[in-house]
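Beneath this line is the structure, given in structure tokens, with notes to follow.
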Amino acid sequence: MAARTVLIAYSLICAIGSATAQADDQPLNTIDCSAFTKTADGNWYVGAPTTFDLGNVKRMTLGNSVINPHAMRLGGFSLFDVLERKCGASHK
């Protein structure tokens, strides 16, 4: 009985840790990937103004901007890294 209780507790701890790690990797956001283009040199570009939420930053508007690796942090997150994870696969 005690071993079963320990196993259940361990499983819950692992599940909570996994959910927390995923939340840290990709914050809640409303980024529209179609507004961003991956450039030939590996950066991201946004042409027309687009407004989005990223973590605790609400209604951020960007336009006519190049997003370099780790150059722009919003709400404690690198916008470049968030774009890579969210939009990278769909823009290759």
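Labeling convention for the structure tokens: chains A, B, ... as they appear, residues from 1 per chain, ligands from 1 in order of appearance.
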
Subject >> For stretch 59-61 of chain A: contacts at 7 Å, only C-alpha atoms, fewer than 5 positions along chain excluded, given as a count of residues only >> reply: 5

Residues at most 8 Å from A:Trp44, counting only C-alpha atoms, excluding those fewer than 6 positions away in the same chain, as a PDB file with C-alpha atoms, in the first residue's frame?
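And here's result-v3.pdb as it stands now:
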```pdb
ATOM      1  CA  PHE A  36       6.388  36.971 -39.396  1.00  0.00           C
ATOM      2  CA  THR A  37       8.831  35.843 -42.076  1.00  0.00           C
ATOM      3  CA  LYS A  38      12.110  33.990 -41.555  1.00  0.00           C
ATOM      4  CA  VAL A  66      13.915  42.584 -37.641  1.00  0.00           C
ATOM      5  CA  ILE A  67      14.001  40.282 -34.624  1.00  0.00           C
ATOM      6  CA  ASN A  68      17.538  39.044 -33.937  1.00  0.00           C
ATOM      7  CA  PHE A  80      13.162  35.302 -31.226  1.00  0.00           C
ATOM      8  CA  LEU A  83       9.018  32.655 -32.748  1.00  0.00           C
TER       9      LEU A  83
END
```

Original post:
To one decimal place, how far is atom CA of A:Asn56 from atom CA of A:Asn43 in Å?
Top reply: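 Atom-to-atom, atom CA of A:Asn56 and atom CA of A:Asn43 are spaced 23.9 Å apart.
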
Subject >> Interatomic distance, atom CA of A:Val57 to atom CA of A:Gly75 (Å, one decimal) >> reply: 5.6 Å
